[in-house]
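Listing of work_6.txt; format and content: compact mmCIF, C-alpha atoms.
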```
# COMPACT_ATOMS: atom_id res chain seq x y z
CA MET A 10 160.24 141.71 55.46
CA VAL A 11 161.46 145.29 55.06
CA LYS A 12 163.51 145.82 51.93
CA PHE A 13 165.46 148.64 50.30
CA ARG A 14 165.52 149.06 46.54
CA LYS A 15 167.58 151.31 44.32
CA SER A 16 164.68 151.88 41.93
CA ILE A 17 160.95 152.23 42.45
CA SER A 18 158.21 151.03 40.12
CA LEU A 19 154.47 151.52 40.19
CA SER A 20 154.03 147.90 41.28
CA ASP A 21 155.87 148.75 44.50
CA LEU A 22 152.95 150.98 45.46
CA TRP A 23 150.50 148.08 45.48
CA VAL A 24 150.32 144.65 47.08
CA SER A 25 150.42 142.28 44.13
CA TYR A 26 154.02 141.06 44.36
CA ASN A 27 156.61 140.13 46.98
CA ASP A 28 159.83 138.19 46.48
CA ARG A 29 158.99 135.65 49.17
CA LEU A 30 155.45 134.53 49.69
CA SER A 31 156.66 132.77 52.83
CA ASP A 32 156.99 136.19 54.48
CA PHE A 33 153.22 136.13 54.90
CA TYR A 34 152.88 132.84 56.79
CA LEU A 35 156.11 132.31 58.76
CA THR A 36 157.07 133.93 62.03
CA SER A 37 160.22 135.96 62.40
CA TRP A 38 161.22 133.84 65.37
CA GLN A 39 161.18 130.29 64.03
CA ARG A 40 163.61 127.91 62.43
CA GLY A 41 162.45 125.99 59.41
CA ASP A 42 159.57 126.68 57.08
CA SER A 43 156.49 125.27 58.81
CA PRO A 44 153.45 127.58 58.69
CA LEU A 45 152.06 126.01 61.88
CA PRO A 46 153.63 128.39 64.46
CA MET A 47 152.19 131.50 62.82
CA LEU A 48 148.88 129.75 62.26
CA LEU A 49 148.58 129.10 66.00
CA VAL A 50 149.49 132.71 66.78
CA ARG A 51 146.90 134.01 64.33
CA LEU A 52 144.25 131.64 65.63
CA PHE A 53 144.81 133.04 69.11
CA LEU A 54 144.75 136.65 67.87
CA SER A 55 141.61 135.99 65.82
CA LEU A 56 139.79 134.66 68.87
CA ILE A 57 140.72 137.76 70.86
CA ALA A 58 139.75 140.15 68.06
CA LEU A 59 136.45 138.38 67.41
CA SER A 60 135.65 138.36 71.12
CA ILE A 61 136.23 142.11 71.47
CA PHE A 62 134.32 142.82 68.25
CA THR A 63 131.35 140.69 69.34
CA TRP A 64 131.37 142.20 72.84
CA SER A 65 131.35 145.71 71.41
CA LEU A 66 128.48 144.91 69.04
CA TRP A 67 126.46 143.21 71.76
CA SER A 68 126.98 146.01 74.28
CA GLY A 69 126.51 148.97 71.97
CA ALA A 70 124.46 147.75 69.04
CA SER A 71 122.66 150.74 67.55
CA PRO A 72 122.40 152.64 64.27
CA TYR A 73 125.27 154.80 65.56
CA TRP A 74 127.78 151.98 66.05
CA LEU A 75 129.54 152.46 62.72
CA ILE A 76 129.98 156.23 62.97
CA PHE A 77 132.74 155.92 65.58
CA LEU A 78 136.38 155.62 64.55
CA THR A 79 136.98 153.15 67.38
CA ASN A 80 134.59 150.70 65.77
CA TRP A 81 136.19 151.18 62.37
CA GLY A 82 139.42 150.14 64.06
CA LEU A 83 137.78 147.11 65.66
CA LEU A 84 136.45 146.01 62.30
CA LEU A 85 139.87 146.43 60.68
CA VAL A 86 141.65 144.46 63.41
CA THR A 87 139.11 141.65 63.09
CA LEU A 88 139.52 141.55 59.30
CA LEU A 89 143.30 141.61 59.68
CA THR A 90 143.39 138.62 62.01
CA LEU A 91 140.87 136.60 60.00
CA SER A 92 142.60 137.27 56.68
CA GLY A 93 145.96 136.38 58.24
CA LEU A 94 144.46 133.16 59.57
CA MET A 95 143.21 132.37 56.06
CA VAL A 96 146.71 132.86 54.62
CA SER A 97 148.23 130.57 57.26
CA CYS A 98 145.60 127.88 56.70
CA CYS A 99 146.15 127.93 52.94
CA ALA A 100 149.91 127.69 53.45
CA LEU A 101 149.45 124.72 55.77
CA PHE A 102 147.45 122.68 53.28
CA LYS A 103 149.21 123.56 50.03
CA LYS A 104 152.63 124.83 48.99
CA LEU A 105 152.56 128.47 47.99
CA PRO A 106 155.23 129.21 45.34
CA ASP A 107 157.60 132.17 45.56
CA GLY A 108 158.41 134.55 42.75
CA SER A 109 154.94 135.00 41.27
CA ASN A 110 152.01 137.35 41.72
CA LEU A 111 150.45 136.99 45.13
CA PRO A 112 147.17 135.07 45.50
CA TRP A 113 144.20 137.36 46.08
CA TYR A 114 143.84 136.34 49.72
CA VAL A 115 147.48 137.21 50.44
CA SER A 116 147.08 140.61 48.78
CA MET A 117 143.90 141.15 50.81
CA TYR A 118 145.75 140.34 54.03
CA TRP A 119 148.60 142.66 53.08
CA VAL A 120 146.21 145.58 52.51
CA PHE A 121 144.54 144.97 55.88
CA TYR A 122 147.98 144.69 57.50
CA ASN A 123 149.18 147.98 56.01
CA MET A 124 146.02 149.84 57.00
CA THR A 125 145.22 148.29 60.34
CA ILE A 126 148.47 148.29 62.31
CA THR A 127 149.01 152.05 62.18
CA VAL A 128 145.33 153.00 62.32
CA ALA A 129 144.61 150.81 65.36
CA ILE A 130 147.50 152.20 67.39
CA THR A 131 146.69 155.76 66.28
CA ILE A 132 143.09 155.34 67.48
CA THR A 133 144.34 154.14 70.85
CA CYS A 134 146.66 157.14 71.20
CA LEU A 135 143.96 159.62 70.17
CA TYR A 136 141.49 158.18 72.65
CA TRP A 137 143.77 158.26 75.68
CA ILE A 138 145.19 161.68 74.79
CA LEU A 139 142.09 163.55 73.62
CA LEU A 140 138.99 161.81 74.94
CA TYR A 141 139.70 159.94 78.16
CA THR A 142 139.34 161.75 81.48
CA PRO A 143 139.18 160.48 85.08
CA GLU A 144 135.53 161.55 85.12
CA VAL A 145 134.82 159.05 82.36
CA LYS A 146 136.07 156.18 84.52
CA GLU A 147 133.97 157.32 87.49
CA GLN A 148 130.82 157.14 85.36
CA GLN A 149 131.57 153.66 84.04
CA SER A 150 130.51 150.31 85.40
CA PRO A 151 133.23 147.63 85.67
CA GLU A 152 131.94 146.03 82.48
CA GLN A 153 132.05 149.34 80.61
CA PHE A 154 135.58 150.00 81.86
CA TRP A 155 136.89 146.66 80.62
CA LEU A 156 135.11 147.06 77.30
CA ASP A 157 136.64 150.52 76.98
CA LEU A 158 140.08 149.10 77.75
CA SER A 159 139.57 146.26 75.27
CA THR A 160 138.44 148.49 72.41
CA HIS A 161 141.07 151.17 73.05
CA GLY A 162 143.97 149.03 74.20
CA PHE A 163 143.79 145.28 73.74
CA ASN A 164 142.87 145.64 70.06
CA SER A 165 146.07 147.61 69.45
CA CYS A 166 148.02 144.93 71.32
CA VAL A 167 146.64 142.35 68.89
CA ALA A 168 147.84 144.45 65.96
CA PHE A 169 151.24 145.04 67.55
CA ILE A 170 151.74 141.32 68.23
CA GLU A 171 151.08 140.64 64.54
CA VAL A 172 153.90 143.05 63.67
CA ILE A 173 156.41 141.62 66.13
CA LEU A 174 155.79 137.92 65.51
CA SER A 175 155.12 137.83 61.77
CA ARG A 176 157.43 138.39 58.81
CA SER A 177 154.84 140.47 56.99
CA PRO A 178 156.49 143.04 54.68
CA HIS A 179 156.29 146.63 55.84
CA HIS A 180 157.08 148.84 52.85
CA PHE A 181 157.47 152.56 53.40
CA LEU A 182 155.76 153.28 50.07
CA HIS A 183 152.55 151.80 51.48
CA ILE A 184 152.23 154.69 53.91
CA TYR A 185 149.38 156.10 51.83
CA GLN A 186 147.11 153.18 52.77
CA PRO A 187 146.62 153.93 56.50
CA LEU A 188 146.66 157.64 55.71
CA GLY A 189 143.85 157.03 53.23
CA VAL A 190 141.75 155.36 55.93
CA GLY A 191 142.23 158.35 58.21
CA LEU A 192 141.36 160.87 55.51
CA TRP A 193 138.34 158.83 54.49
CA TYR A 194 137.05 158.97 58.07
CA VAL A 195 137.61 162.73 58.22
CA ALA A 196 135.65 163.12 54.98
CA PHE A 197 132.91 160.91 56.42
CA THR A 198 132.58 163.07 59.54
CA GLY A 199 132.32 166.20 57.40
CA ILE A 200 129.65 164.70 55.16
CA TYR A 201 127.83 163.32 58.19
CA TYR A 202 127.78 166.76 59.81
CA ALA A 203 126.67 168.49 56.60
CA ALA A 204 123.84 165.97 56.23
CA GLY A 205 122.57 166.78 59.72
CA GLY A 206 123.88 163.66 61.42
CA THR A 207 124.19 163.50 65.20
CA ASP A 208 125.61 161.24 67.86
CA SER A 209 123.38 159.06 70.04
CA LEU A 210 122.72 162.03 72.37
CA GLY A 211 121.63 164.35 69.59
CA ASN A 212 124.83 166.40 69.42
CA PRO A 213 125.72 167.64 65.91
CA TYR A 214 129.08 165.87 65.94
CA ILE A 215 130.54 162.41 66.44
CA TYR A 216 133.38 163.53 68.70
CA ALA A 217 133.38 166.86 70.51
CA VAL A 218 137.03 167.43 69.56
CA LEU A 219 136.06 167.05 65.90
CA ASP A 220 133.13 169.48 65.87
CA TRP A 221 132.86 170.97 62.38
CA ARG A 222 131.01 173.98 63.79
CA GLN A 223 134.51 174.98 64.93
CA PRO A 224 136.50 174.34 61.73
CA ASP A 225 139.75 175.83 63.03
CA GLN A 226 139.85 173.47 66.00
CA ALA A 227 138.79 170.52 63.87
CA GLY A 228 141.47 171.37 61.32
CA VAL A 229 144.17 171.43 63.98
CA ILE A 230 143.04 168.04 65.32
CA VAL A 231 142.99 166.51 61.84
CA THR A 232 146.42 167.88 60.98
CA ALA A 233 147.95 166.72 64.26
CA ALA A 234 146.39 163.27 63.89
CA ALA A 235 147.68 162.96 60.30
CA VAL A 236 151.19 163.95 61.34
CA GLY A 237 151.05 161.52 64.25
CA LEU A 238 149.91 158.73 61.94
CA LEU A 239 152.78 159.39 59.53
CA VAL A 240 155.29 159.41 62.38
CA LEU A 241 153.85 156.22 63.83
CA TYR A 242 153.98 154.46 60.46
CA THR A 243 157.63 155.44 60.15
CA VAL A 244 158.36 154.10 63.65
CA LEU A 245 156.62 150.81 62.86
CA TRP A 246 158.52 150.58 59.59
CA GLY A 247 161.78 151.00 61.49
CA LEU A 248 160.65 148.47 64.08
CA SER A 249 159.90 145.96 61.33
CA LEU A 250 163.35 146.57 59.88
CA CYS A 251 164.93 145.85 63.26
CA ARG A 252 162.72 142.76 63.66
CA ASP A 253 163.91 141.33 60.36
CA LYS A 254 167.58 142.15 60.89
CA LEU A 255 167.57 140.68 64.39
CA SER A 256 165.68 137.51 63.51
CA ILE A 257 167.86 136.85 60.45
CA ALA A 258 170.99 137.29 62.52
CA LEU A 259 169.89 135.19 65.50
CA ILE A 260 167.04 132.85 64.67
CA ARG A 261 166.07 132.15 61.11
CA THR A 262 167.40 129.42 58.90
CA THR A 263 168.01 130.24 55.26
CA SER A 264 166.30 127.18 53.80
CA LEU A 265 163.90 129.33 51.82
CA SER A 266 166.60 131.41 50.15
CA LEU A 267 169.41 128.96 49.40
CA PRO A 268 170.47 128.79 45.75
CA LEU A 269 170.07 125.55 43.85
CA THR A 270 172.83 123.09 44.71
CA PRO A 271 175.07 122.41 41.70
CA PRO A 272 175.49 118.78 40.65
CA ASP A 273 178.28 116.76 42.25
CA ARG A 274 180.98 116.52 39.62
CA HIS A 275 182.24 113.18 40.93
CA SER A 276 178.82 111.51 40.90
CA THR A 277 178.00 112.75 37.40
CA GLY A 278 181.38 112.03 35.88
CA ILE A 279 182.09 115.70 35.20
CA VAL A 280 185.73 116.62 35.76
```
For this file, write the structure as structure tokens.
Amino acid sequence: MVKFRKSISLSDLWVSYNDRLSDFYLTSWQRGDSPLPMLLVRLFLSLIALSIFTWSLWSGASPYWLIFLTNWGLLLVTLLTLSGLMVSCCALFKKLPDGSNLPWYVSMYWVFYNMTITVAITITCLYWILLYTPEVKEQQSPEQFWLDLSTHGFNSCVAFIEVILSRSPHHFLHIYQPLGVGLWYVAFTGIYYAAGGTDSLGNPYIYAVLDWRQPDQAGVIVTAAAVGLLVLYTVLWGLSLCRDKLSIALIRTTSLSLPLTPPDRHSTGIV
């Protein structure tokens, strides 16, 4: 759930506390407080993410697999869906109390959620804007085309569905988390280049558009990608705000936020 606060504390920058733990295992579009609907959604998303991840590993397994940002995104989406499934399973089998520090597995899910949603969609945008050309499709087999579409499209759909259907909190102060992933990858590419690393074809870069032999061009790409990521995070934050407002107004019950019912004065003899 997106929330506004008049004051900000250091704890707001991390993922150790949220007013309602139920935000992490209920959907925005359900009545009642059963964790089962979101569990089924996350089971479905986990199967899709694991299938794409396994397909990518099986098709392109090599020492170079982990140098590509696309595969970092695949790994994050897989971890997001599996950690979300863990939260839903725990909520199904035991009552998770509100108003206390979050269990470690909920905090873990929240970190993956904050990082993955924006990063996955950013990777998709960067690929289709900077890397994809019609010539690429002509050189691909049908299997390669569908794998390409899965790793640069379907994975982002999985992340987006998690945003739309869940109640997971989307705090603007957590914007540094996906940005940190992006900057970490940029640092990795620079270190990889300085250490003499190459792609699978022997080129001294991972992506031609991020060739550190041309630092001005690489700097422009990094800056534009960072700005795009910040804008996208802001858009997703606003979308989450609209999701919560709309679902509260139209769908949700308030059973999880009702105050304690005062005693009946007639039944207790109080006048």
Residue neighbourhood segment 135-139 of chain A, 8 Å, all atoms listed in the file, exclusion window fewer than 5 positions, as a list in words: His161, Val218 and Ala234 of chain A
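Proximity to Gly189 of chain A was assessed for A:Gln148, A:Leu250, A:Thr36, A:Val128 counting all atoms listed in the file; the smallest distance is recorded for A:Val128.
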Best match for closeness to Leu94 of chain A among A:Ala203, A:Ser175, A:Trp38, A:Pro106, counting all atoms listed in the file: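 Of all the options, A:Ser175 lies closest to Leu94 of chain A.
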Spatial neighbours of segment 71-74 of chain A, 8 Å, all atoms listed in the file, chain gap at least 3 places, as a list of chain:residue names: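 That gives A:Leu66, A:Phe77, A:Asn80, A:Asp208, A:Ser209.
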Go ahead and write the residues just picked, C-alpha atoms, as a PDB file, in the coordinates of the input.
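Once everything was written out, this is out10.pdb:
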```pdb
ATOM      1  CA  LEU A  66     128.480 144.910  69.040  1.00  0.00           C
ATOM      2  CA  PHE A  77     132.740 155.920  65.580  1.00  0.00           C
ATOM      3  CA  ASN A  80     134.590 150.700  65.770  1.00  0.00           C
ATOM      4  CA  ASP A 208     125.610 161.240  67.860  1.00  0.00           C
ATOM      5  CA  SER A 209     123.380 159.060  70.040  1.00  0.00           C
TER       6      SER A 209
END
```
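When the distance limit is 10 Å and all atoms listed in the file are what count, the residues near Leu85 of chain A, minus those fewer than 5 positions from it on the same chain, are Ala58, Thr79, Asn80, Thr90, Leu91, Phe121, Tyr122, Met124, Thr125, Ile126, Val128, Ala129, Asn164 and Ala168 of chain A.
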How would the residues just picked look written out with C-alpha atoms as a PDB file, in the frame of the given file?
```pdb
ATOM      1  CA  ALA A  58     139.750 140.150  68.060  1.00  0.00           C
ATOM      2  CA  THR A  79     136.980 153.150  67.380  1.00  0.00           C
ATOM      3  CA  ASN A  80     134.590 150.700  65.770  1.00  0.00           C
ATOM      4  CA  THR A  90     143.390 138.620  62.010  1.00  0.00           C
ATOM      5  CA  LEU A  91     140.870 136.600  60.000  1.00  0.00           C
ATOM      6  CA  PHE A 121     144.540 144.970  55.880  1.00  0.00           C
ATOM      7  CA  TYR A 122     147.980 144.690  57.500  1.00  0.00           C
ATOM      8  CA  MET A 124     146.020 149.840  57.000  1.00  0.00           C
ATOM      9  CA  THR A 125     145.220 148.290  60.340  1.00  0.00           C
ATOM     10  CA  ILE A 126     148.470 148.290  62.310  1.00  0.00           C
ATOM     11  CA  VAL A 128     145.330 153.000  62.320  1.00  0.00           C
ATOM     12  CA  ALA A 129     144.610 150.810  65.360  1.00  0.00           C
ATOM     13  CA  ASN A 164     142.870 145.640  70.060  1.00  0.00           C
ATOM     14  CA  ALA A 168     147.840 144.450  65.960  1.00  0.00           C
TER      15      ALA A 168
END
```
Rows by chain and residue number, segment 19-122 of chain A within 10 Å of segment 191-200 of chain A, shortest pair, all atoms listed in the file, as a Markdown table:
```
| residue | atom | partner | partner_atom | distance |
| --- | --- | --- | --- | --- |
| A:Ile76 | CA | A:Thr198 | CA | 8.1 |
| A:Phe77 | CA | A:Tyr194 | CA | 9.2 |
| A:Leu78 | CA | A:Tyr194 | CA | 7.3 |
| A:Trp81 | CA | A:Tyr194 | CA | 8.9 |
```
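The nearest approach to Ser37 of chain A among the residues A:Pro178, A:Asp225, A:Tyr202, A:Val244, with only C-alpha atoms taken into account, belongs to A:Pro178.
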